[in-house]
file run26.cif (mmCIF, C-alpha atoms and all ligand atoms)
data_upload
loop_
_atom_site.label_atom_id
_atom_site.label_comp_id
_atom_site.auth_asym_id
_atom_site.auth_seq_id
_atom_site.Cartn_x
_atom_site.Cartn_y
_atom_site.Cartn_z
CA MET A 14 -1.94 6.77 36.39
CA ILE A 15 0.67 7.17 33.65
CA LYS A 16 1.81 10.76 33.08
CA GLY A 17 5.21 10.43 31.43
CA PHE A 18 7.26 8.42 28.96
CA ILE A 19 11.03 8.07 29.26
CA PHE A 20 12.87 7.13 26.09
CA ASP A 21 16.16 5.52 25.32
CA LEU A 22 17.64 6.99 22.15
CA ASP A 23 19.83 4.59 20.23
CA GLY A 24 17.67 1.71 18.98
CA VAL A 25 14.38 3.33 20.00
CA LEU A 26 14.21 6.79 18.40
CA THR A 27 16.84 6.17 15.72
CA ASP A 28 19.29 3.47 14.76
CA THR A 29 22.70 4.86 15.62
CA ALA A 30 23.91 1.44 16.85
CA GLU A 31 25.39 0.74 13.43
CA TYR A 32 27.43 3.97 13.56
CA HIS A 33 28.66 3.22 17.09
CA TYR A 34 29.69 -0.20 15.77
CA LEU A 35 31.52 1.18 12.74
CA ALA A 36 33.37 3.73 14.89
CA TRP A 37 34.41 1.13 17.50
CA ARG A 38 35.47 -1.29 14.74
CA GLU A 39 37.66 1.44 13.25
CA LEU A 40 39.29 2.12 16.62
CA GLY A 41 39.64 -1.64 17.20
CA LYS A 42 41.61 -1.95 13.97
CA LYS A 43 44.06 0.73 15.16
CA ILE A 44 44.74 -1.06 18.45
CA GLY A 45 44.68 -4.60 17.08
CA ILE A 46 41.32 -5.76 18.42
CA SER A 47 38.87 -7.14 15.92
CA ILE A 48 35.20 -6.76 16.88
CA ASP A 49 32.10 -7.99 15.06
CA ARG A 50 28.36 -7.28 15.20
CA VAL A 51 27.74 -10.14 17.64
CA PHE A 52 30.18 -8.63 20.15
CA ASN A 53 28.72 -5.19 19.48
CA GLU A 54 25.39 -6.34 20.96
CA GLN A 55 27.06 -6.21 24.38
CA LEU A 56 27.83 -2.52 23.93
CA LYS A 57 24.24 -1.39 23.44
CA GLY A 58 23.17 1.06 26.13
CA ILE A 59 26.66 0.97 27.69
CA SER A 60 28.52 4.26 28.16
CA ARG A 61 31.50 5.21 26.00
CA THR A 62 34.12 4.56 28.68
CA ASP A 63 32.54 1.29 29.81
CA SER A 64 32.29 0.19 26.15
CA LEU A 65 36.02 0.81 25.71
CA GLU A 66 36.77 -1.22 28.87
CA ARG A 67 34.71 -4.12 27.51
CA ILE A 68 36.53 -3.96 24.16
CA LEU A 69 39.96 -3.91 25.85
CA THR A 70 39.02 -6.86 28.07
CA TYR A 71 37.70 -8.73 25.03
CA GLY A 72 41.04 -8.13 23.23
CA ASN A 73 43.11 -9.06 26.33
CA LYS A 74 44.46 -5.53 26.54
CA SER A 75 42.80 -4.30 29.70
CA ASN A 76 46.10 -3.42 31.40
CA VAL A 77 47.91 -2.02 28.37
CA TYR A 78 46.72 1.61 28.41
CA SER A 79 46.94 4.37 31.00
CA GLU A 80 43.78 6.29 31.98
CA GLN A 81 44.97 9.21 29.85
CA GLU A 82 45.53 6.97 26.82
CA LYS A 83 42.11 5.41 27.31
CA SER A 84 40.36 8.75 27.33
CA LYS A 85 42.23 9.62 24.12
CA LEU A 86 41.04 6.39 22.52
CA ALA A 87 37.43 7.07 23.60
CA GLU A 88 37.73 10.58 22.16
CA GLU A 89 39.05 9.20 18.87
CA LYS A 90 36.07 6.85 18.63
CA ASN A 91 33.71 9.73 19.32
CA GLU A 92 35.26 11.89 16.59
CA GLU A 93 34.75 9.05 14.10
CA TYR A 94 31.16 8.54 15.37
CA LYS A 95 30.38 12.26 15.04
CA LYS A 96 31.58 12.17 11.42
CA LEU A 97 29.21 9.26 10.72
CA ILE A 98 26.16 11.00 12.19
CA THR A 99 26.65 14.39 10.50
CA ASN A 100 23.92 13.75 7.96
CA LEU A 101 21.35 12.30 10.38
CA SER A 102 17.98 14.00 9.79
CA PRO A 103 14.27 13.63 10.68
CA ASP A 104 14.13 10.95 7.97
CA ASP A 105 16.24 8.78 10.28
CA LEU A 106 13.58 8.51 12.97
CA LEU A 107 12.69 4.82 13.28
CA PRO A 108 9.33 3.76 11.73
CA GLY A 109 6.26 5.05 13.58
CA ILE A 110 8.21 7.13 16.13
CA LYS A 111 6.99 10.49 14.85
CA GLU A 112 3.35 9.35 15.04
CA PHE A 113 3.85 7.71 18.45
CA ILE A 114 5.36 10.86 19.93
CA SER A 115 2.48 12.99 18.55
CA GLU A 116 0.00 10.53 20.06
CA LEU A 117 1.73 10.90 23.45
CA LYS A 118 1.76 14.70 23.26
CA GLN A 119 -1.93 14.76 22.34
CA ALA A 120 -2.59 12.71 25.46
CA ASN A 121 -0.64 15.33 27.49
CA MET A 122 2.16 12.95 28.35
CA LYS A 123 5.49 14.40 29.45
CA LEU A 124 8.58 13.14 27.63
CA ALA A 125 12.13 12.59 28.86
CA LEU A 126 15.29 11.24 27.27
CA ALA A 127 17.32 8.68 29.24
CA SER A 128 20.18 7.92 26.88
CA ALA A 129 23.70 6.92 27.88
CA SER A 130 24.89 8.99 24.92
CA LYS A 131 26.60 12.32 25.49
CA ASN A 132 25.59 13.10 21.92
CA GLY A 133 21.88 12.83 22.88
CA PRO A 134 20.99 16.56 22.76
CA THR A 135 22.67 16.99 19.33
CA LEU A 136 20.92 13.89 18.00
CA LEU A 137 17.47 15.07 19.17
CA LYS A 138 18.07 18.36 17.34
CA GLN A 139 19.17 16.60 14.17
CA LEU A 140 16.12 14.33 14.34
CA GLY A 141 13.89 17.43 14.68
CA ILE A 142 12.31 16.37 17.99
CA ALA A 143 14.33 18.38 20.55
CA GLU A 144 11.46 20.80 21.21
CA ILE A 145 8.99 17.99 21.93
CA PHE A 146 11.03 16.57 24.80
CA ASP A 147 10.47 18.17 28.21
CA THR A 148 13.82 17.11 29.64
CA ILE A 149 17.06 15.23 28.96
CA VAL A 150 19.00 13.38 31.65
CA ASP A 151 22.67 14.40 31.49
CA PRO A 152 24.67 11.14 31.37
CA GLU A 153 27.80 12.98 32.53
CA LYS A 154 26.17 13.59 35.91
CA LEU A 155 25.35 9.95 36.60
CA SER A 156 27.25 7.94 39.19
CA ASN A 157 26.15 4.68 37.59
CA GLY A 158 25.19 3.75 34.04
CA LYS A 159 22.57 1.24 32.88
CA PRO A 160 21.65 -1.40 34.20
CA ASN A 161 21.63 0.76 37.36
CA PRO A 162 18.21 2.50 37.65
CA GLU A 163 19.69 5.98 38.27
CA ILE A 164 19.15 7.32 34.74
CA PHE A 165 15.42 6.43 34.65
CA ILE A 166 14.84 7.58 38.24
CA LYS A 167 16.42 10.93 37.33
CA GLY A 168 14.28 11.13 34.19
CA ALA A 169 11.10 10.79 36.26
CA LYS A 170 12.37 13.32 38.82
CA GLN A 171 13.21 15.85 36.11
CA LEU A 172 9.63 15.48 34.82
CA GLY A 173 8.32 16.07 38.34
CA LEU A 174 6.80 12.58 38.40
CA SER A 175 7.22 9.44 40.47
CA SER A 176 8.55 6.24 38.90
CA ILE A 177 5.17 4.49 38.87
CA GLU A 178 3.71 7.36 36.86
CA CYS A 179 6.21 6.69 34.04
CA VAL A 180 6.77 4.18 31.26
CA GLY A 181 10.34 3.48 30.09
CA ILE A 182 11.13 2.36 26.54
CA GLU A 183 14.37 0.52 25.69
CA ASP A 184 16.03 -1.75 23.16
CA ALA A 185 18.94 -3.01 25.29
CA GLU A 186 18.94 -5.66 27.98
CA ALA A 187 20.86 -3.37 30.33
CA GLY A 188 18.22 -0.70 29.68
CA ILE A 189 15.27 -2.95 30.56
CA GLN A 190 17.05 -3.94 33.79
CA SER A 191 17.49 -0.24 34.54
CA ILE A 192 13.76 0.53 33.98
CA ASN A 193 12.59 -2.47 36.01
CA ALA A 194 14.91 -1.60 38.88
CA ALA A 195 13.50 1.95 38.80
CA ASN A 196 10.06 0.40 39.45
CA MET A 197 8.70 1.65 36.15
CA PHE A 198 6.62 -0.15 33.52
CA SER A 199 9.10 -1.34 30.86
CA VAL A 200 8.50 -1.57 27.13
CA GLY A 201 11.12 -3.47 25.11
CA VAL A 202 11.67 -2.99 21.39
CA GLY A 203 13.57 -5.32 19.07
CA ASP A 204 15.12 -8.64 19.95
CA GLN A 205 12.67 -10.77 21.96
CA LYS A 206 15.35 -12.72 23.82
CA ALA A 207 17.19 -9.57 24.92
CA MET A 208 13.81 -8.11 25.94
CA GLN A 209 12.64 -11.14 27.91
CA PHE A 210 12.33 -9.23 31.18
CA ALA A 211 10.34 -6.33 29.71
CA ASP A 212 6.74 -5.88 30.94
CA MET A 213 5.65 -5.48 27.32
CA PHE A 214 7.42 -6.36 24.09
CA VAL A 215 7.10 -5.06 20.52
CA SER A 216 9.34 -6.33 17.72
CA ASP A 217 9.30 -3.04 15.85
CA THR A 218 8.93 0.65 16.75
CA SER A 219 5.97 0.92 14.35
CA GLU A 220 4.00 -1.24 16.82
CA LEU A 221 4.38 1.29 19.67
CA SER A 222 1.00 2.72 20.62
CA TYR A 223 -0.08 4.80 23.61
CA THR A 224 -3.41 2.98 24.05
CA SER A 225 -1.94 -0.53 23.92
CA ILE A 226 0.81 0.41 26.38
CA LEU A 227 -1.80 1.88 28.72
CA ASP A 228 -3.88 -1.32 28.49
CA ALA A 229 -0.81 -3.40 29.33
CA VAL A 230 -0.03 -1.17 32.35
CA LYS A 231 -3.62 -1.55 33.62
CA LYS A 232 -3.50 -5.31 33.13
CA LYS A 233 -0.24 -5.62 35.05
CA ARG A 234 -1.48 -3.45 37.92
CA LYS A 235 -4.79 -5.33 38.19
CA GLY A 236 -2.79 -8.54 38.43
CA VAL A 237 -0.75 -7.06 41.27
CA GLU A 238 -3.89 -5.95 43.18
CA ARG A 239 -5.43 -9.42 43.01
P1 LIG B 301 28.20 8.30 23.32
P2 LIG B 301 21.44 4.69 24.32
C1 LIG B 301 24.08 4.44 24.04
O1 LIG B 301 22.88 5.06 23.66
C2 LIG B 301 24.51 3.47 22.96
O2 LIG B 301 23.59 2.38 22.89
C3 LIG B 301 25.88 2.92 23.28
O3 LIG B 301 26.30 2.04 22.26
C4 LIG B 301 26.86 4.10 23.42
O4 LIG B 301 28.16 3.65 23.76
C5 LIG B 301 26.33 5.04 24.51
O5 LIG B 301 25.04 5.49 24.15
C6 LIG B 301 27.24 6.24 24.70
O6 LIG B 301 27.20 7.05 23.56
O7 LIG B 301 29.54 7.71 22.99
O8 LIG B 301 27.55 9.02 22.16
O9 LIG B 301 28.22 9.12 24.58
O10 LIG B 301 21.07 3.33 23.78
O11 LIG B 301 21.59 4.72 25.83
O12 LIG B 301 20.56 5.79 23.78
MG MG B 302 19.47 1.84 23.17
#
call {"tool": "encode", "arguments": {"input": "run26.cif", "output": "structure tokens", "more": "lines below"}}
Ligand code: B16
Ligand code: MG
result
Amino acid sequence: MIKGFIFDLDGVLTDTAEYHYLAWRELGKKIGISIDRVFNEQLKGISRTDSLERILTYGNKSNVYSEQEKSKLAEEKNEEYKKLITNLSPDDLLPGIKEFISELKQANMKLALASASKNGPTLLKQLGIAEIFDTIVDPEKLSNGKPNPEIFIKGAKQLGLSSIECVGIEDAEAGIQSINAANMFSVGVGDQKAMQFADMFVSDTSELSYTSILDAVKKKRKGVER
């Protein structure tokens, strides 16, 4: 029986991916690495420090900076990102999210946030949904980022639930891998190819519905029992 829903943030609740991209592109310019939107796809769901490593590898500069310099670069990117999200408001919730969350709350579902973003708590406040969430997994306390299942397993634990009692919702390939490895029902939003391993796929957040997800969970579990 499903009792909780665990959400990714960027790409599911709101579209901050564009701002992450703009901030990384800006930093890239300063260090002589040019990145585009295609490359940026690989950074979705990936932590700030791991994103920087990927960018440096991509630009053949992985051995150029000391650890201290790298943390300064990551900090610079975050300052730029924070500037870009200052005006984020409840109007920036992706289509249908407000209604979907109300539907879940009416059905007494517990809600957790499993975002790799250290800006998650601030973003939930700005989006006006901080009070609705029961818990937020702190990405600073994780030993492993997505695709490792740790973040979703912790989300379920913090809700006082087991993995099979939860549904995870993601827009990144690494995120779907993380949910599946946590032994949770996975719902993928967005690009069908990137979401190919999700248990259920919707192309747009406006298609998210509690009843259809529940039906899909039941269908999958019946198939397993057979
Ligand atoms: P921050 P999610 C992720 O959010 C983003 O997809 C990823 O691009 C970003 O690098 C990561 O958060 C860390 O964000 O720099 O704010 O700590 O998709 O896991 O909600
Ligand atoms: Mg995401």
call {"tool": "closest_residue", "arguments": {"input": "run26.cif", "among": "A:Phe18, A:Phe198, A:Phe113, A:Phe165", "to": "ligand LIG 301 (chain B)", "atoms": "all atoms listed in the file"}}
result
A:Phe165
call {"tool": "residues_around", "arguments": {"input": "run26.cif", "residues": "Ser75 of chain A", "least_positions_apart": "3", "cutoff": "12 Å", "atoms": "only C-alpha atoms", "output": "VMD selection string"}}
result
chain A and resid 44 46 63 to 72 78 to 80 82 to 83
call {"tool": "closest_residue", "arguments": {"input": "run26.cif", "among": "A:Ile142, A:Ile177, A:Ile110, A:Ile164", "to": "Asn196 of chain A", "atoms": "all atoms listed in the file"}}
result
A:Ile177
call {"tool": "residues_near_ligand", "arguments": {"input": "run26.cif", "ligand": "ligand LIG 301 (chain B)", "cutoff": "7 Å", "atoms": "all atoms listed in the file", "output": "mmCIF file with C-alpha atoms, in the coordinates of the input"}}
result
data_model
loop_
_atom_site.group_PDB
_atom_site.id
_atom_site.type_symbol
_atom_site.label_atom_id
_atom_site.label_comp_id
_atom_site.auth_asym_id
_atom_site.auth_seq_id
_atom_site.Cartn_x
_atom_site.Cartn_y
_atom_site.Cartn_z
ATOM 1 C CA ASP A 21 16.160 5.520 25.320
ATOM 2 C CA LEU A 22 17.640 6.990 22.150
ATOM 3 C CA ASP A 23 19.830 4.590 20.230
ATOM 4 C CA GLY A 24 17.670 1.710 18.980
ATOM 5 C CA ALA A 30 23.910 1.440 16.850
ATOM 6 C CA HIS A 33 28.660 3.220 17.090
ATOM 7 C CA LEU A 56 27.830 -2.520 23.930
ATOM 8 C CA LYS A 57 24.240 -1.390 23.440
ATOM 9 C CA GLY A 58 23.170 1.060 26.130
ATOM 10 C CA ILE A 59 26.660 0.970 27.690
ATOM 11 C CA SER A 60 28.520 4.260 28.160
ATOM 12 C CA ARG A 61 31.500 5.210 26.000
ATOM 13 C CA SER A 64 32.290 0.190 26.150
ATOM 14 C CA ASN A 91 33.710 9.730 19.320
ATOM 15 C CA ALA A 127 17.320 8.680 29.240
ATOM 16 C CA SER A 128 20.180 7.920 26.880
ATOM 17 C CA ALA A 129 23.700 6.920 27.880
ATOM 18 C CA SER A 130 24.890 8.990 24.920
ATOM 19 C CA LYS A 131 26.600 12.320 25.490
ATOM 20 C CA ASN A 132 25.590 13.100 21.920
ATOM 21 C CA GLY A 133 21.880 12.830 22.880
ATOM 22 C CA ALA A 185 18.940 -3.010 25.290
#
call {"tool": "atom_distance", "arguments": {"input": "run26.cif", "atom1": "atom CA of Lys42 of chain A", "atom2": "atom CA of Gln81 of chain A"}}
result
19.7 Å
call {"tool": "axis_aligned_box", "arguments": {"input": "run26.cif", "around": "segment 141-160 of chain A", "padding_each_side": "3 Å", "output": "lines of an AutoDock Vina configuration file"}}
result
center_x = 18.4
center_y = 9.7
center_z = 26.9
size_x = 24.8
size_y = 28.2
size_z = 30.5
call {"tool": "closest_residue", "arguments": {"input": "run26.cif", "among": "A:Ser176, A:Gln209, A:Ser191, A:Thr148", "to": "ligand MG 302 (chain B)", "atoms": "all atoms listed in the file"}}
result
A:Ser191
call {"tool": "decode", "arguments": {"input": "run26.cif", "residues": "segment 103-116 of chain A", "atoms": "N, CA and C atoms", "output": "PDB file, in the first residue's frame"}}
result
ATOM      1  N   PRO A 103       5.557  31.202  -6.288  1.00  0.00           N
ATOM      2  CA  PRO A 103       4.596  30.112  -6.533  1.00  0.00           C
ATOM      3  C   PRO A 103       4.154  30.014  -7.995  1.00  0.00           C
ATOM      4  N   ASP A 104       4.249  31.111  -8.736  1.00  0.00           N
ATOM      5  CA  ASP A 104       3.890  31.061 -10.167  1.00  0.00           C
ATOM      6  C   ASP A 104       4.844  30.174 -10.962  1.00  0.00           C
ATOM      7  N   ASP A 105       6.009  29.875 -10.376  1.00  0.00           N
ATOM      8  CA  ASP A 105       6.996  29.059 -11.085  1.00  0.00           C
ATOM      9  C   ASP A 105       6.859  27.560 -10.840  1.00  0.00           C
ATOM     10  N   LEU A 106       5.808  27.171 -10.100  1.00  0.00           N
ATOM     11  CA  LEU A 106       5.569  25.728  -9.969  1.00  0.00           C
ATOM     12  C   LEU A 106       5.225  25.219 -11.358  1.00  0.00           C
ATOM     13  N   LEU A 107       5.698  24.034 -11.716  1.00  0.00           N
ATOM     14  CA  LEU A 107       5.410  23.498 -13.049  1.00  0.00           C
ATOM     15  C   LEU A 107       3.905  23.193 -13.170  1.00  0.00           C
ATOM     16  N   PRO A 108       3.366  23.150 -14.386  1.00  0.00           N
ATOM     17  CA  PRO A 108       1.922  22.973 -14.579  1.00  0.00           C
ATOM     18  C   PRO A 108       1.353  21.747 -13.845  1.00  0.00           C
ATOM     19  N   GLY A 109       0.275  21.954 -13.127  1.00  0.00           N
ATOM     20  CA  GLY A 109      -0.433  20.850 -12.464  1.00  0.00           C
ATOM     21  C   GLY A 109       0.137  20.424 -11.125  1.00  0.00           C
ATOM     22  N   ILE A 110       1.325  20.931 -10.744  1.00  0.00           N
ATOM     23  CA  ILE A 110       1.971  20.474  -9.508  1.00  0.00           C
ATOM     24  C   ILE A 110       1.161  20.847  -8.264  1.00  0.00           C
ATOM     25  N   LYS A 111       0.641  22.068  -8.253  1.00  0.00           N
ATOM     26  CA  LYS A 111      -0.122  22.518  -7.093  1.00  0.00           C
ATOM     27  C   LYS A 111      -1.322  21.591  -6.863  1.00  0.00           C
ATOM     28  N   GLU A 112      -2.038  21.300  -7.934  1.00  0.00           N
ATOM     29  CA  GLU A 112      -3.229  20.446  -7.876  1.00  0.00           C
ATOM     30  C   GLU A 112      -2.839  19.016  -7.472  1.00  0.00           C
ATOM     31  N   PHE A 113      -1.742  18.526  -8.044  1.00  0.00           N
ATOM     32  CA  PHE A 113      -1.295  17.160  -7.755  1.00  0.00           C
ATOM     33  C   PHE A 113      -0.942  17.006  -6.277  1.00  0.00           C
ATOM     34  N   ILE A 114      -0.240  17.997  -5.741  1.00  0.00           N
ATOM     35  CA  ILE A 114       0.157  17.950  -4.333  1.00  0.00           C
ATOM     36  C   ILE A 114      -1.086  18.002  -3.429  1.00  0.00           C
ATOM     37  N   SER A 115      -2.064  18.828  -3.786  1.00  0.00           N
ATOM     38  CA  SER A 115      -3.312  18.882  -2.986  1.00  0.00           C
ATOM     39  C   SER A 115      -4.027  17.543  -3.024  1.00  0.00           C
ATOM     40  N   GLU A 116      -4.040  16.924  -4.204  1.00  0.00           N
ATOM     41  CA  GLU A 116      -4.675  15.609  -4.358  1.00  0.00           C
ATOM     42  C   GLU A 116      -4.001  14.590  -3.424  1.00  0.00           C
TER      43      GLU A 116
END
